[in-house]
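Structure file structure-v4.cif; described as mmCIF, C-alpha atoms.
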data_final
loop_
_atom_site.label_atom_id
_atom_site.label_comp_id
_atom_site.auth_asym_id
_atom_site.auth_seq_id
_atom_site.Cartn_x
_atom_site.Cartn_y
_atom_site.Cartn_z
CA MET Y 1 27.31 154.75 -39.32
CA SER Y 2 26.99 157.78 -37.03
CA GLN Y 3 27.18 160.22 -39.95
CA ASN Y 4 24.55 158.41 -41.99
CA SER Y 5 22.21 157.81 -39.12
CA GLU Y 6 21.58 161.53 -38.72
CA LYS Y 7 19.71 161.50 -42.03
CA LYS Y 8 17.79 158.29 -41.36
CA GLU Y 9 14.14 158.24 -40.51
CA TYR Y 10 13.97 156.21 -37.33
CA VAL Y 11 10.83 154.85 -35.71
CA THR Y 12 9.83 156.35 -32.38
CA TYR Y 13 7.52 153.73 -30.85
CA GLY Y 14 6.84 154.44 -27.20
CA ARG Y 15 7.74 158.12 -27.52
CA ALA Y 16 5.45 159.51 -30.19
CA GLN Y 17 2.14 159.23 -28.37
CA ASN Y 18 2.78 161.95 -25.79
CA CYS Y 19 3.01 159.54 -22.93
CA ASP Y 20 5.85 159.72 -20.44
CA CYS Y 21 6.12 156.06 -19.55
CA GLY Y 22 7.49 154.81 -22.86
CA CYS Y 23 4.53 152.57 -23.62
CA GLY Y 24 2.60 154.93 -25.87
CA CYS Y 25 -0.50 154.71 -23.68
CA ALA Y 26 -2.00 157.92 -25.05
CA LEU Y 27 -3.58 155.96 -27.94
CA SER Y 28 -6.83 157.55 -29.09
CA GLU Y 29 -10.08 156.00 -27.94
CA ASN Y 30 -11.19 155.12 -31.47
CA ALA Y 31 -7.92 153.43 -32.45
CA VAL Y 32 -8.30 151.23 -29.36
CA LYS Y 33 -11.49 149.72 -30.79
CA ILE Y 34 -9.87 148.47 -34.01
CA THR Y 35 -9.36 144.72 -34.23
CA GLY Y 36 -6.87 143.60 -36.83
CA CYS Y 37 -5.92 140.27 -38.33
CA ARG Y 38 -2.83 139.80 -40.47
CA PHE Y 39 -2.91 136.40 -42.15
CA ALA Y 40 -1.29 134.30 -44.85
CA LEU Y 41 -2.50 131.12 -46.53
CA SER Y 42 0.09 128.51 -47.55
CA ILE Y 43 -1.11 125.90 -50.02
CA MET Y 44 1.24 122.95 -50.53
CA ASP Y 45 0.18 122.34 -54.13
CA ASP Y 46 1.10 123.55 -57.62
CA ARG Y 47 -2.39 125.13 -57.87
CA TYR Y 48 -1.75 127.45 -54.91
CA ILE Y 49 -2.29 130.70 -56.81
CA SER Y 50 -5.71 129.74 -58.21
CA ILE Y 51 -6.83 128.28 -54.85
CA ILE Y 52 -5.90 131.49 -52.98
CA LEU Y 53 -7.39 133.81 -55.60
CA GLY Y 54 -10.57 131.71 -55.70
CA ALA Y 55 -10.92 131.91 -51.91
CA LEU Y 56 -10.38 135.67 -51.83
CA GLU Y 57 -12.94 136.17 -54.60
CA LYS Y 58 -15.62 134.21 -52.72
CA THR Y 59 -15.03 136.16 -49.49
CA LYS Y 60 -17.12 139.28 -48.87
CA THR Y 61 -15.03 142.05 -47.35
CA ASP Y 62 -17.27 145.14 -47.65
CA LYS Y 63 -17.43 145.59 -43.88
CA ILE Y 64 -13.69 145.70 -43.24
CA TRP Y 65 -10.60 147.53 -44.50
CA GLN Y 66 -8.02 145.32 -46.23
CA GLU Y 67 -4.55 145.44 -47.74
CA THR Y 68 -2.55 142.66 -49.37
CA GLY Y 69 1.25 142.63 -49.55
CA ARG Y 70 3.86 140.12 -50.65
CA LEU Y 71 3.85 138.24 -47.37
CA SER Y 72 0.33 138.55 -46.00
CA THR Y 73 -3.06 140.25 -46.02
CA VAL Y 74 -4.38 142.45 -43.22
CA TYR Y 75 -8.04 143.03 -42.32
CA ARG Y 76 -9.03 145.82 -39.90
CA GLY Y 77 -12.41 146.72 -38.49
CA LYS Y 78 -14.94 145.52 -35.94
CA GLN Y 79 -13.94 142.27 -34.28
CA CYS Y 80 -16.97 140.31 -35.55
CA HIS Y 81 -16.46 141.32 -39.18
CA VAL Y 82 -12.70 140.72 -39.15
CA GLU Y 83 -13.28 137.23 -37.71
CA ASP Y 84 -16.06 136.50 -40.20
CA ALA Y 85 -13.94 137.47 -43.21
CA VAL Y 86 -10.78 135.66 -42.19
CA LYS Y 87 -12.76 132.51 -41.35
CA ALA Y 88 -14.45 132.68 -44.75
CA CYS Y 89 -11.08 133.00 -46.49
CA PHE Y 90 -9.89 129.85 -44.77
CA VAL Y 91 -13.06 127.83 -45.38
CA ASN Y 92 -13.24 128.99 -49.01
CA ALA Y 93 -9.63 127.95 -49.60
CA PHE Y 94 -10.13 124.46 -48.13
CA THR Y 95 -9.63 121.89 -50.90
CA GLU Y 96 -10.19 118.18 -50.37
CA GLY Y 97 -6.86 116.36 -50.07
CA VAL Y 98 -4.71 119.50 -50.30
CA HIS Y 99 -2.43 120.32 -47.35
CA MET Y 100 -2.91 123.96 -46.34
CA THR Y 101 -1.89 126.12 -43.41
CA MET Y 102 -2.97 129.59 -42.38
CA GLU Y 103 -0.96 131.85 -40.09
CA MET Y 104 -3.07 134.53 -38.36
CA THR Y 105 -2.08 137.37 -36.04
CA PHE Y 106 -5.05 138.93 -34.24
CA SER Y 107 -4.29 142.16 -32.41
CA ARG Y 108 -5.89 145.12 -30.70
CA GLY Y 109 -4.69 148.14 -28.79
CA CYS Y 110 -1.14 148.51 -30.12
CA PRO Y 111 0.23 151.85 -28.83
CA GLY Y 112 1.71 152.45 -32.27
CA ASP Y 113 -1.69 152.01 -33.93
CA VAL Y 114 -3.42 154.79 -35.81
CA GLU Y 115 -7.06 155.67 -36.28
CA ALA Y 116 -6.70 155.10 -40.01
CA ASP Y 117 -6.72 152.18 -42.46
CA VAL Y 118 -9.96 150.90 -41.02
CA TYR Y 119 -13.63 150.55 -41.83
CA MET Y 120 -15.97 150.25 -38.85
CA ALA Y 121 -19.30 148.89 -40.14
CA GLU Y 122 -22.44 150.22 -38.52
CA ASP Y 123 -24.13 146.88 -37.94
CA ASP Y 124 -23.03 143.45 -36.77
CA VAL Y 125 -24.73 141.41 -39.52
CA LEU Y 126 -22.07 138.95 -40.72
CA GLN Y 127 -21.47 138.83 -44.45
CA ASN Y 128 -19.98 135.37 -44.88
CA GLU Y 129 -21.21 133.11 -42.08
CA SER Y 130 -24.41 131.99 -43.83
CA GLN Y 131 -22.42 130.72 -46.84
CA ILE Y 132 -19.91 128.72 -44.81
CA LYS Y 133 -21.80 127.54 -41.74
CA ASP Y 134 -22.54 124.06 -43.09
CA ILE Y 135 -19.00 123.31 -44.26
CA HIS Y 136 -17.21 121.14 -41.70
CA PHE Y 137 -13.70 119.71 -41.60
CA PRO Y 138 -11.16 118.86 -38.85
CA VAL Y 139 -8.34 121.32 -38.18
CA ASN Y 140 -5.09 121.09 -36.24
CA CYS Y 141 -4.08 124.34 -34.63
CA LYS Y 142 -1.38 126.00 -32.57
CA ILE Y 143 -1.94 129.16 -30.58
CA ALA Y 144 0.13 131.61 -28.54
CA LEU Y 145 -1.24 134.61 -26.68
CA TYR Y 146 0.90 137.64 -25.87
CA PRO Y 147 -0.72 140.06 -23.38
CA MET Y 148 1.52 143.13 -23.67
CA GLY Y 149 2.69 145.55 -20.99
CA VAL Y 150 1.49 143.60 -17.95
CA THR Y 151 3.49 141.56 -15.44
CA ASN Y 152 0.77 138.95 -14.79
CA TYR Y 153 0.53 137.90 -18.44
CA MET Y 154 0.97 134.20 -17.66
CA GLU Y 155 -2.31 134.25 -15.71
CA HIS Y 156 -4.19 135.57 -18.76
CA ILE Y 157 -2.60 132.88 -20.93
CA ALA Y 158 -3.62 130.17 -18.44
CA LYS Y 159 -7.17 131.58 -18.44
CA VAL Y 160 -7.67 131.18 -22.20
CA VAL Y 161 -5.87 127.81 -22.36
CA ASN Y 162 -8.10 126.49 -19.57
CA HIS Y 163 -11.16 127.63 -21.51
CA ALA Y 164 -9.95 125.50 -24.45
CA ILE Y 165 -9.69 122.56 -22.03
CA ASP Y 166 -13.30 123.20 -20.93
CA LEU Y 167 -14.44 123.25 -24.57
CA GLY Y 168 -12.76 119.93 -25.36
CA ILE Y 169 -10.58 121.36 -28.15
CA TYR Y 170 -7.30 121.27 -26.18
CA ASP Y 171 -4.74 118.81 -27.54
CA LYS Y 172 -1.59 119.57 -25.52
CA SER Y 173 0.83 122.20 -24.29
CA THR Y 174 4.29 122.21 -25.80
CA HIS Y 175 7.26 124.57 -26.02
CA TYR Y 176 6.22 128.12 -27.03
CA CYS Y 177 2.62 127.26 -27.95
CA THR Y 178 -0.55 125.31 -27.16
CA LEU Y 179 -1.97 122.76 -29.60
CA LEU Y 180 -5.71 122.53 -30.28
CA LYS Y 181 -7.84 120.42 -32.58
CA GLY Y 182 -11.47 120.47 -33.57
CA ASP Y 183 -13.98 121.30 -36.25
CA VAL Y 184 -13.26 124.55 -38.07
CA HIS Y 185 -16.33 126.23 -36.49
CA GLU Y 186 -15.39 125.18 -32.94
CA LEU Y 187 -11.94 126.71 -33.39
CA PHE Y 188 -13.13 130.03 -34.83
CA SER Y 189 -15.74 130.27 -32.09
CA TYR Y 190 -12.89 129.85 -29.58
CA PHE Y 191 -10.83 132.58 -31.34
CA ASP Y 192 -13.83 134.88 -30.89
CA TYR Y 193 -13.84 134.06 -27.17
CA VAL Y 194 -10.10 134.84 -26.92
CA ASN Y 195 -10.41 138.15 -28.79
CA THR Y 196 -13.37 139.14 -26.62
CA TYR Y 197 -11.64 138.13 -23.39
CA CYS Y 198 -8.51 140.07 -24.37
CA SER Y 199 -10.31 143.21 -25.48
CA GLU Y 200 -12.17 143.25 -22.16
CA ASN Y 201 -9.17 142.49 -19.94
CA LEU Y 202 -6.06 143.84 -21.69
CA SER Y 203 -5.16 147.17 -23.22
CA HIS Y 204 -2.93 145.52 -25.88
CA TYR Y 205 -2.64 141.91 -26.93
CA VAL Y 206 -1.38 139.81 -29.81
CA PHE Y 207 -2.91 136.39 -30.47
CA GLU Y 208 -0.98 134.15 -32.88
CA VAL Y 209 -2.76 131.21 -34.51
CA THR Y 210 -1.63 128.68 -37.09
CA LEU Y 211 -4.21 126.36 -38.65
CA SER Y 212 -3.42 123.20 -40.61
CA VAL Y 213 -5.59 120.86 -42.67
CA ASN Y 214 -4.85 117.67 -44.59
CA SER Y 215 -1.36 117.32 -43.17
CA PRO Y 216 0.46 114.18 -44.39
CA THR Y 217 2.29 113.95 -41.03
CA ALA Y 218 0.96 111.12 -38.87
CA GLU Y 219 -0.38 112.09 -35.48
CA MET D 1 -19.39 122.28 -16.86
CA SER D 2 -18.68 122.83 -13.16
CA GLN D 3 -19.02 119.13 -12.40
CA ASN D 4 -16.69 118.05 -15.20
CA SER D 5 -14.14 120.74 -14.62
CA GLU D 6 -13.28 119.30 -11.21
CA LYS D 7 -11.73 116.32 -12.98
CA LYS D 8 -9.94 118.32 -15.66
CA GLU D 9 -6.24 118.93 -15.64
CA TYR D 10 -5.91 122.67 -15.95
CA VAL D 11 -2.71 124.56 -16.66
CA THR D 12 -1.35 126.74 -13.87
CA TYR D 13 0.93 129.21 -15.66
CA GLY D 14 1.94 132.06 -13.41
CA ARG D 15 1.23 130.11 -10.24
CA ALA D 16 3.35 126.97 -10.45
CA GLN D 17 6.79 128.57 -10.10
CA ASN D 18 6.50 129.57 -6.45
CA CYS D 19 6.40 133.25 -7.20
CA ASP D 20 3.79 135.51 -5.67
CA CYS D 21 3.40 138.00 -8.48
CA GLY D 22 1.69 135.74 -10.99
CA CYS D 23 4.47 135.97 -13.57
CA GLY D 24 6.29 132.78 -12.68
CA CYS D 25 9.55 134.64 -12.15
CA ALA D 26 11.09 131.84 -10.10
CA LEU D 27 12.34 130.15 -13.28
CA SER D 28 15.58 128.25 -12.69
CA GLU D 29 18.84 129.82 -13.81
CA ASN D 30 19.59 127.06 -16.34
CA ALA D 31 16.17 127.16 -18.00
CA VAL D 32 16.69 130.90 -18.55
CA LYS D 33 19.65 130.16 -20.81
CA ILE D 34 17.70 127.99 -23.26
CA THR D 35 16.98 129.58 -26.64
CA GLY D 36 14.22 127.94 -28.61
CA CYS D 37 12.98 128.22 -32.15
CA ARG D 38 9.70 126.71 -33.31
CA PHE D 39 9.45 126.81 -37.09
CA ALA D 40 7.51 125.49 -40.06
CA LEU D 41 8.41 125.45 -43.73
CA SER D 42 5.62 125.90 -46.29
CA ILE D 43 6.47 124.88 -49.84
CA MET D 44 3.95 125.93 -52.47
CA ASP D 45 4.65 123.00 -54.76
CA ASP D 46 3.52 119.39 -55.23
CA ARG D 47 7.04 118.26 -54.26
CA TYR D 48 6.77 119.79 -50.79
CA ILE D 49 7.32 116.58 -48.85
CA SER D 50 10.55 115.62 -50.63
CA ILE D 51 11.87 119.22 -50.44
CA ILE D 52 11.27 119.40 -46.68
CA LEU D 53 12.66 115.93 -45.97
CA GLY D 54 15.70 116.67 -48.15
CA ALA D 55 16.38 119.90 -46.25
CA LEU D 56 16.03 118.23 -42.86
CA GLU D 57 18.36 115.43 -43.91
CA LYS D 58 21.10 117.87 -44.99
CA THR D 59 20.88 119.83 -41.73
CA LYS D 60 23.18 118.81 -38.87
CA THR D 61 21.38 118.95 -35.53
CA ASP D 62 23.74 117.13 -33.14
CA LYS D 63 24.24 120.25 -31.02
CA ILE D 64 20.57 120.96 -30.30
CA TRP D 65 17.48 119.16 -29.01
CA GLN D 66 14.66 118.78 -31.54
CA GLU D 67 11.08 117.56 -31.83
CA THR D 68 8.81 117.53 -34.88
CA GLY D 69 5.02 117.59 -34.66
CA ARG D 70 2.19 117.94 -37.16
CA LEU D 71 2.40 121.71 -37.29
CA SER D 72 6.03 122.58 -36.69
CA THR D 73 9.48 121.60 -35.48
CA VAL D 74 11.15 122.96 -32.37
CA TYR D 75 14.90 123.30 -31.74
CA ARG D 76 16.24 124.08 -28.26
CA GLY D 77 19.77 124.72 -27.10
CA LYS D 78 22.44 127.40 -27.20
CA GLN D 79 21.41 130.45 -29.21
CA CYS D 80 24.22 130.09 -31.79
CA HIS D 81 23.46 126.44 -32.54
CA VAL D 82 19.69 126.94 -32.73
CA GLU D 83 20.19 129.81 -35.18
CA ASP D 84 22.72 127.82 -37.22
CA ALA D 85 20.41 124.81 -37.58
CA VAL D 86 17.25 126.73 -38.43
CA LYS D 87 19.13 128.85 -40.99
CA ALA D 88 20.54 125.67 -42.57
CA CYS D 89 17.04 124.16 -42.80
CA PHE D 90 15.84 127.21 -44.68
CA VAL D 91 18.86 127.45 -47.01
CA ASN D 92 18.80 123.70 -47.68
CA ALA D 93 15.09 123.84 -48.58
CA PHE D 94 15.53 126.74 -51.01
CA THR D 95 14.67 125.54 -54.52
CA GLU D 96 15.10 127.72 -57.61
CA GLY D 97 11.70 129.02 -58.76
CA VAL D 98 9.70 127.44 -55.92
CA HIS D 99 7.73 129.78 -53.63
CA MET D 100 8.48 128.94 -50.01
CA THR D 101 7.82 130.57 -46.66
CA MET D 102 9.16 129.80 -43.21
CA GLU D 103 7.47 130.87 -39.98
CA MET D 104 9.86 131.02 -37.00
CA THR D 105 9.23 131.77 -33.33
CA PHE D 106 12.41 132.48 -31.38
CA SER D 107 11.97 132.64 -27.63
CA ARG D 108 13.86 132.67 -24.36
CA GLY D 109 12.97 133.00 -20.69
CA CYS D 110 9.34 131.85 -20.69
CA PRO D 111 8.27 131.50 -17.03
CA GLY D 112 6.53 128.25 -17.98
CA ASP D 113 9.74 126.82 -19.41
CA VAL D 114 11.46 123.78 -17.95
CA GLU D 115 15.09 122.78 -17.73
CA ALA D 116 14.40 119.74 -19.93
CA ASP D 117 14.06 118.97 -23.63
CA VAL D 118 17.32 120.69 -24.38
CA TYR D 119 20.89 119.94 -25.38
CA MET D 120 23.46 122.57 -24.46
CA ALA D 121 26.57 121.90 -26.54
CA GLU D 122 29.91 122.54 -24.87
CA ASP D 123 31.47 124.53 -27.68
CA ASP D 124 30.31 127.24 -30.09
CA VAL D 125 31.67 125.68 -33.30
CA LEU D 126 28.79 125.91 -35.80
CA GLN D 127 27.87 122.70 -37.57
CA ASN D 128 26.18 124.01 -40.71
CA GLU D 129 27.53 127.48 -41.52
CA SER D 130 30.51 126.28 -43.58
CA GLN D 131 28.19 124.32 -45.93
CA ILE D 132 25.76 127.18 -46.54
CA LYS D 133 27.85 130.35 -46.31
CA ASP D 134 28.30 130.74 -50.08
CA ILE D 135 24.62 130.25 -51.00
CA HIS D 136 22.96 133.61 -51.57
CA PHE D 137 19.39 134.57 -52.47
CA PRO D 138 17.06 137.50 -51.73
CA VAL D 139 14.44 137.09 -49.01
CA ASN D 140 11.35 139.08 -48.03
CA CYS D 141 10.65 139.04 -44.35
CA LYS D 142 8.22 140.20 -41.70
CA ILE D 143 9.12 140.46 -38.03
CA ALA D 144 7.35 141.21 -34.76
CA LEU D 145 9.03 141.38 -31.37
CA TYR D 146 7.13 140.79 -28.14
CA PRO D 147 9.07 141.78 -24.98
CA MET D 148 6.99 140.19 -22.22
CA GLY D 149 6.15 141.49 -18.76
CA VAL D 150 7.51 145.02 -19.15
CA THR D 151 5.62 148.28 -19.61
CA ASN D 152 8.25 149.93 -21.85
CA TYR D 153 8.12 147.20 -24.49
CA MET D 154 7.57 149.65 -27.35
CA GLU D 155 11.00 151.17 -26.68
CA HIS D 156 12.68 147.78 -27.08
CA ILE D 157 10.77 147.20 -30.34
CA ALA D 158 11.87 150.61 -31.64
CA LYS D 159 15.47 149.77 -30.71
CA VAL D 160 15.62 146.62 -32.85
CA VAL D 161 13.66 148.15 -35.75
CA ASN D 162 16.04 151.10 -35.81
CA HIS D 163 18.98 148.70 -35.97
CA ALA D 164 17.41 147.16 -39.10
CA ILE D 165 17.22 150.71 -40.55
CA ASP D 166 20.94 151.19 -39.79
CA LEU D 167 21.76 147.89 -41.52
CA GLY D 168 19.84 148.84 -44.67
CA ILE D 169 17.53 145.81 -44.52
CA TYR D 170 14.42 147.75 -43.41
CA ASP D 171 11.62 147.85 -45.99
CA LYS D 172 8.71 149.44 -44.13
CA SER D 173 6.53 149.41 -41.03
CA THR D 174 2.97 148.24 -41.42
CA HIS D 175 0.13 147.11 -39.18
CA TYR D 176 1.26 144.51 -36.61
CA CYS D 177 4.71 143.92 -38.11
CA THR D 178 7.83 145.34 -39.72
CA LEU D 179 8.91 144.32 -43.22
CA LEU D 180 12.55 143.64 -44.06
CA LYS D 181 14.37 142.49 -47.16
CA GLY D 182 17.89 141.40 -47.89
CA ASP D 183 20.20 138.53 -48.63
CA VAL D 184 19.52 135.43 -46.53
CA HIS D 185 22.79 135.90 -44.60
CA GLU D 186 22.08 139.55 -43.80
CA LEU D 187 18.70 138.61 -42.36
CA PHE D 188 19.94 135.72 -40.20
CA SER D 189 22.78 137.90 -38.93
CA TYR D 190 20.12 140.46 -37.89
CA PHE D 191 18.07 137.74 -36.13
CA ASP D 192 21.22 136.90 -34.14
CA TYR D 193 21.49 140.57 -33.16
CA VAL D 194 17.82 140.61 -32.02
CA ASN D 195 18.15 137.39 -30.00
CA THR D 196 21.34 138.69 -28.38
CA TYR D 197 19.83 142.12 -27.62
CA CYS D 198 16.75 140.49 -26.10
CA SER D 199 18.60 137.94 -23.99
CA GLU D 200 20.75 140.76 -22.58
CA ASN D 201 17.90 143.23 -21.97
CA LEU D 202 14.72 141.22 -21.32
CA SER D 203 13.87 138.35 -19.01
CA HIS D 204 11.34 136.88 -21.49
CA TYR D 205 10.77 137.66 -25.15
CA VAL D 206 9.17 136.17 -28.24
CA PHE D 207 10.46 137.12 -31.69
CA GLU D 208 8.22 136.14 -34.61
CA VAL D 209 9.69 135.99 -38.11
CA THR D 210 8.23 134.95 -41.45
CA LEU D 211 10.55 134.52 -44.44
CA SER D 212 9.42 134.33 -48.06
CA VAL D 213 11.31 133.49 -51.27
CA ASN D 214 10.24 133.32 -54.90
CA SER D 215 6.85 134.93 -54.26
CA PRO D 216 4.79 135.40 -57.42
CA THR D 217 3.25 138.58 -55.93
CA ALA D 218 4.65 141.73 -57.54
CA GLU D 219 6.33 144.20 -55.21
#
Let me see the structure of the file written as structure tokens.
Amino acid sequence: MSQNSEKKEYVTYGRAQNCDCGCGCALSENAVKITGCRFALSIMDDRYISIILGALEKTKTDKIWQETGRLSTVYRGKQCHVEDAVKACFVNAFTEGVHMTMEMTFSRGCPGDVEADVYMAEDDVLQNESQIKDIHFPVNCKIALYPMGVTNYMEHIAKVVNHAIDLGIYDKSTHYCTLLKGDVHELFSYFDYVNTYCSENLSHYVFEVTLSVNSPTAE
Amino acid sequence: MSQNSEKKEYVTYGRAQNCDCGCGCALSENAVKITGCRFALSIMDDRYISIILGALEKTKTDKIWQETGRLSTVYRGKQCHVEDAVKACFVNAFTEGVHMTMEMTFSRGCPGDVEADVYMAEDDVLQNESQIKDIHFPVNCKIALYPMGVTNYMEHIAKVVNHAIDLGIYDKSTHYCTLLKGDVHELFSYFDYVNTYCSENLSHYVFEVTLSVNSPTAE
């Protein structure tokens, strides 16, 4: 191992950003403004390929940067446009009677982030909202917020969970996550609140969300 | 809002554990030892219900505590038994030619955790490994590690990613996650390394993993 490892290209997170504290806090000001969402749709149906491709085709993504891999797709750009596009993907994939889940990872401020792979649109005019705003369906949801690099992270988590309680979309707290339920628009509006709260109060956060529709499991 | 909120039951993370720093660090010694894994299988096939139920039925879970909800299942107990059971679920659900993903959240040391909903087996004799050890198939994987409450978290992330490089299962780094690929046993052996590293070096961590088999997406 020791002989081979000399030739290996290792990662250097926490040391490459010219900071001395090991957190990589010397992230450039522009990279800090990039909101990202990595997501994956899972369609429990033989038609999963056509449903996913159909949803992607209907979704306008001119105002964000995107890349699709084997496991997931990532959108990067301004928070409002990333949220608009990922919401549209989910709504466009919704198929009556078909069980579907979507796993989403919203993030901003990672010290390992780069000021590349991004498109920051000039305006805030949403591209998809007008096409999807009248489509309503109930969604079950689990969330977990990870405020990074701070000792009082539990207080930030409590803050956003309590806001869900205020909004009436809170279902219950359970091990390792919080469960929510509501109309698809209520939930995405809440995700916008969380992303805004985090970008204003935290230098780096990760917000994990899983959505589920048409589950055959009884409540 | 202000009138209603007086009656609401809010969460109090970071304040309920009698610590003054807002992190809830007064977690009991026994709760600290509980490893949990919340996971969900997604089967992209009309037969998804029978495949999942068949996998769960084949998996022995006497040495852990478990609970299944609409969105996921959670196992809690000793690290070795939680890993053994969740690995068996995945291997038992594997179906030739069927695209399947599994989202897993391993965690230990959450300040909001309680010393309940757990079964700590007396011995370390694995219940499932002997039945699955000869079943091999290639898996694509994405991981993200969240060391909580520490400023040098990027160094811990680099440490575990570099170990994947040493093992030859590293594929590439991308936005918000690291991609791995390898035989199912190689990957679960690596997850055991990560959980062990984290429980020895961090008071609270979350380790997110998504596995994928038989994806129709070209590499």
Using all atoms listed in the file, tabulate the residues of chain D lying at most 6 Å from any atom of chain Y, each with its closest atom pair and that distance in Å to one decimal, by chain and increasing residue number, as JSON lines.
{"residue": "D:Tyr10", "atom": "CA", "partner": "Y:Asn162", "partner_atom": "CA", "distance": 5.7}
{"residue": "D:Val11", "atom": "CA", "partner": "Y:Ala158", "partner_atom": "CA", "distance": 6.0}
{"residue": "D:Tyr13", "atom": "CA", "partner": "Y:Met154", "partner_atom": "CA", "distance": 5.4}
{"residue": "D:Gly14", "atom": "CA", "partner": "Y:Met154", "partner_atom": "CA", "distance": 4.9}
{"residue": "D:Gly22", "atom": "CA", "partner": "Y:Asn152", "partner_atom": "CA", "distance": 5.1}
{"residue": "D:Cys23", "atom": "CA", "partner": "Y:Asn152", "partner_atom": "CA", "distance": 4.9}
{"residue": "D:Ile43", "atom": "CA", "partner": "Y:Met44", "partner_atom": "CA", "distance": 5.6}
{"residue": "D:Met44", "atom": "CA", "partner": "Y:Met44", "partner_atom": "CA", "distance": 4.5}
{"residue": "D:Asp45", "atom": "CA", "partner": "Y:Asp45", "partner_atom": "CA", "distance": 4.6}
{"residue": "D:Asp46", "atom": "CA", "partner": "Y:Asp45", "partner_atom": "CA", "distance": 4.6}
{"residue": "D:Arg70", "atom": "CA", "partner": "Y:Thr217", "partner_atom": "CA", "distance": 5.6}
{"residue": "D:Gly149", "atom": "CA", "partner": "Y:Thr151", "partner_atom": "CA", "distance": 4.3}
{"residue": "D:Val150", "atom": "CA", "partner": "Y:Gly149", "partner_atom": "CA", "distance": 5.2}
{"residue": "D:Thr151", "atom": "CA", "partner": "Y:Gly149", "partner_atom": "CA", "distance": 4.2}
{"residue": "D:Asn152", "atom": "CA", "partner": "Y:Cys23", "partner_atom": "CA", "distance": 4.9}
{"residue": "D:Met154", "atom": "CA", "partner": "Y:Gly14", "partner_atom": "CA", "distance": 4.8}
{"residue": "D:Glu155", "atom": "CA", "partner": "Y:Gly14", "partner_atom": "CA", "distance": 5.3}
{"residue": "D:Ala158", "atom": "CA", "partner": "Y:Tyr13", "partner_atom": "CA", "distance": 5.4}
{"residue": "D:Asn162", "atom": "CA", "partner": "Y:Tyr10", "partner_atom": "CA", "distance": 5.7}
{"residue": "D:Thr217", "atom": "CA", "partner": "Y:Arg70", "partner_atom": "CA", "distance": 5.5}
Considering all atoms listed in the file, return as a CSV table (one decimal) with C-alpha atoms, in the coordinates of the input whatever protein or nucleic-acid residues lie within 12 Å of Ser189 in chain Y, sequence-local ones (same chain, fewer than 5 positions apart) excluded.
chain,number,residue,atom,x,y,z
Y,80,CYS,CA,-17.0,140.3,-35.6
Y,83,GLU,CA,-13.3,137.2,-37.7
Y,84,ASP,CA,-16.1,136.5,-40.2
Y,87,LYS,CA,-12.8,132.5,-41.4
Y,129,GLU,CA,-21.2,133.1,-42.1
Y,133,LYS,CA,-21.8,127.5,-41.7
Y,163,HIS,CA,-11.2,127.6,-21.5
Y,164,ALA,CA,-10.0,125.5,-24.4
Y,167,LEU,CA,-14.4,123.2,-24.6
Y,169,ILE,CA,-10.6,121.4,-28.2
Y,182,GLY,CA,-11.5,120.5,-33.6
Y,183,ASP,CA,-14.0,121.3,-36.2
Y,184,VAL,CA,-13.3,124.6,-38.1
Y,194,VAL,CA,-10.1,134.8,-26.9
Y,195,ASN,CA,-10.4,138.2,-28.8
Y,196,THR,CA,-13.4,139.1,-26.6
Val118 in chain Y: which residues within 7 Å, counting only C-alpha atoms, same-chain residues fewer than 6 positions away excluded, as a PDB file with C-alpha atoms, in the frame of the given file?
ATOM      1  CA  ILE Y  64     -13.690 145.700 -43.240  1.00  0.00           C
ATOM      2  CA  TRP Y  65     -10.600 147.530 -44.500  1.00  0.00           C
ATOM      3  CA  ARG Y  76      -9.030 145.820 -39.900  1.00  0.00           C
ATOM      4  CA  GLY Y  77     -12.410 146.720 -38.490  1.00  0.00           C
TER       5      GLY Y  77
END
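CA of Gly97 in chain Y to CA of Glu57 in chain Y spans 21.2 Å [interatomic distance, one decimal].
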Exercise for the section: Enumerate, as a ChimeraX atom specification, the residues matched when the PyMOL selection byres ((chain Y and resi 135) around 10) is run on the file above. Expected result: /Y:91-92,94,131-134,136-137,183-185
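The space separating CA of Ala88 in chain Y from CA of Lys172 in chain D comes to 28.6 Å.
Minimum atom-to-atom distances from Y:Met102, Y:Phe207, Y:Val139, Y:Ser130 to Asp192 in chain Y were compared using only C-alpha atoms, and the lowest value belongs to Y:Phe207.
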Exercise for the section: Apply the PyMOL selection byres ((chain Y and resi 60) around 8) to the displayed file and report the matching residues as a VMD selection string. Expected result: chain Y and resid 57 to 59 61 to 62 85 127 to 128
Practice task
Point out the residue among Y:Thr73, Y:Gly109, Y:Leu56, Y:Ile143 with the least atom-to-atom distance to Glu200 in chain Y, counting only C-alpha atoms.
Solution key: Y:Gly109
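For the pair CA of Glu186 in chain Y and CA of Ser203 in chain Y, the interatomic distance is 26.1 Å.
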